[in-house]
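Working notes, structure below.
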Amino acid sequence: NTMKKIAGLLYIFIFIFTSCYEEVDYEDLGVKNIIVVNGRFIDGETPWCQVSRSDIIFDQIKNKITPTVFLPDANVTATDGDADYKYTVVSDSAMMEAKGLIAKAGETYTIKAKANGLEDVYSTVTVPNKPKADFRVVSVEEITETFNDHYGPYEIIDVIVREPETYTKMTYELNVQDDPNTEDYYQLVFYAMAMEYKYETIIDTVPGYWYGDEWIEPYEVYTYNAIDSAMVYKEISMYDIKLTTDDPVMNWNKNQSEENLFDTYEWNGQNIFNDQLFNGQTSKIRFTMSINTKSKDKLRLITGIDFNTIDFEVRHINKEMYMYYRTSQLVKDNDYSGSLSPYILYCNVENGAGMIAAWSAVKAPLKVPDQAIK
């Protein structure tokens, strides 16, 4: 009888707790939307920026998917201390330019943004002085190596020996004459004529269907179709011009003397570095370069570059830009494990979010040895 009474009480409790529920709205915990401004002040060019509203997690809970909310009606101005310059929209996605203003090396600018219902934001940056730098060939070698393919599980690995391959190894040296009186940050980038495709977007709706006992709601899929192409002069991806180096200058974890899991990470992927190891001297960083002539885009279309049009550019960047890329890389490095210490993406926009970068640069043609062009 006792067991029957206990079973009866359990049944009553289960019935009560499973049959009574209430829907409640979540609390927003005081989190609010803010203005996000991303922009650039480049020596000799008209400053531009892009303004949007932050996308917080609570928007995603309510709306499931929240696209970036651009703010083309935002009131954005830049000042050089003498005059104010109003930003005007020049293209889609709230891309704006400060008409009438040309940024100059050594000058300081403040950008301010206002939008209805959101707190005003601002950022002050100084455009670094033009760097003194060159990027030159120091050696060219024909290398023959044999690369083996490995197949199978770890216990049984089949090794297939391929035919020897010959390639050209090009070694370049980056010489940056550094100012001993300032803390400096640099970036190495490349430009060239490369194939670029224009696409049309095709949107199809997949009808709902049953997947076992689960009903899958209808959803949209996007496909792209190339409708035009042209050779254009643009910044080249590091996938197209691959640099490798063991110079500690390029290992920004070592430079910062951080003792973490990534101390041996030797490449930051953005060719960004500081003068900590060559302050007041000439950098003399050696790189091995390979050029990908058959890189492909999202449709697997070849976007090869014209060797005769490659230019290198050495940028003297502001510290804020360096910190943004550095924390961005650390966020990516830590992405695979939630057990590691979190890194907050660096921003220099007060009362809001975003990155206002600034730099001056020196650009010159890059000499590619004839034997490297095949």
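Ordered as shown in the structure tokens, chains take letters A, B, and onward, while each chain numbers its residues from 1 and ligands are numbered from 1 in the order shown.
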
DSSP on the backbone: what in region 80-220 of chain A comes out strand (DSSP E or B), as number ranges by chain? A: 84-91, 95-98, 108-114, 121-126, 132-145, 148-151, 158-161, 165-177, 185-206, 209-211, 214-216, 219-220

So how far away is CA of Ala98 (chain A) from CA of Ala194 (chain A), in Å?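 About the pair CA of Ala194 (chain A) and CA of Ala98 (chain A): they are 29.2 Å apart.
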
Counting only C-alpha atoms, the option among A:Met289, A:Val349, A:Ile216, A:Ile35 closest to Asp240 (chain A): A:Met289

Gap from CA of Pro180 (chain A) to CA of Gln281 (chain A) - Å, one decimal: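 Here the two named atoms are 7.4 Å from each other.
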
Which residues are close to Asp84 (chain A), i.e. within 12 Å by only C-alpha atoms, leaving aside same-chain residues fewer than 6 positions away? Reply as a CSV table (one decimal) with N, CA, C and O atoms, in the first residue's frame.
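Final file, part-v6.csv:
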chain,number,residue,atom,x,y,z
A,76,VAL,N,27.3,62.0,-40.3
A,76,VAL,CA,28.8,61.7,-40.0
A,76,VAL,C,29.6,62.9,-40.5
A,76,VAL,O,29.4,63.3,-41.6
A,77,THR,N,30.5,63.3,-39.7
A,77,THR,CA,31.4,64.4,-40.0
A,77,THR,C,32.8,64.1,-39.6
A,77,THR,O,33.1,63.3,-38.7
A,78,ALA,N,33.8,64.7,-40.3
A,78,ALA,CA,35.2,64.6,-39.9
A,78,ALA,C,35.7,66.0,-39.8
A,78,ALA,O,35.4,66.9,-40.5
A,98,ALA,N,34.0,61.7,-47.1
A,98,ALA,CA,34.0,63.0,-46.6
A,98,ALA,C,34.5,64.0,-47.7
A,98,ALA,O,35.7,64.2,-47.9
A,99,LYS,N,33.5,64.4,-48.5
A,99,LYS,CA,33.8,65.2,-49.7
A,99,LYS,C,34.5,66.5,-49.3
A,99,LYS,O,34.2,67.2,-48.3
A,100,GLY,N,35.6,66.8,-50.1
A,100,GLY,CA,36.3,68.0,-49.9
A,100,GLY,C,37.5,67.9,-49.0
A,100,GLY,O,38.3,68.8,-48.8
A,101,LEU,N,37.7,66.7,-48.3
A,101,LEU,CA,38.8,66.5,-47.4
A,101,LEU,C,39.7,65.5,-48.0
A,101,LEU,O,39.3,64.4,-48.5
A,109,TYR,N,42.7,63.6,-37.1
A,109,TYR,CA,41.3,63.9,-37.5
A,109,TYR,C,40.4,63.2,-36.5
A,109,TYR,O,40.7,62.2,-35.9
A,110,THR,N,39.2,63.8,-36.3
A,110,THR,CA,38.2,63.2,-35.5
A,110,THR,C,36.9,63.0,-36.3
A,110,THR,O,36.5,63.9,-37.0
A,111,ILE,N,36.4,61.8,-36.3
A,111,ILE,CA,35.2,61.5,-37.0
A,111,ILE,C,34.1,61.3,-36.0
A,111,ILE,O,34.3,60.7,-34.9
A,112,LYS,N,32.9,61.9,-36.2
A,112,LYS,CA,31.8,61.8,-35.3
A,112,LYS,C,30.6,61.2,-36.1
A,112,LYS,O,30.4,61.6,-37.3

Record the distance separating CA of Ser360 (chain A) and CA of Ser237 (chain A), expressed in Å with one decimal. 20.0 Å

Neighbouring residues of region 130-136 of chain A were defined as those with any atom within 12 Å, considering only C-alpha atoms; residues of the same chain fewer than 6 positions away were excluded. Please report them as a ChimeraX atom specification. /A:42-44,104-107,170-179,184-190,281-289,311-318,358-369

Of the listed residues A:Asn351, A:Thr126, A:Asn274, A:Asn116, that which approaches Val37 (chain A) most closely, counting only C-alpha atoms: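 Distance minimum relative to Val37 (chain A) lands on A:Asn351.
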
Neighbours of region 90-95 of chain A within 9 Å (only C-alpha atoms; same-chain residues fewer than 2 positions away dropped), as number ranges by chain? A: 48-52, 69-74, 88, 97

Pick from A:Gln276, A:Asn38, A:Asn225, A:Asn348: nearest to Lys198 (chain A), with only C-alpha atoms counted? A:Asn225

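For the residues A:Ile34, A:Ile241, A:Ile310, A:Val121, ranking by smallest atom-to-atom distance to Tyr191 (chain A) using only C-alpha atoms places A:Ile310 first.
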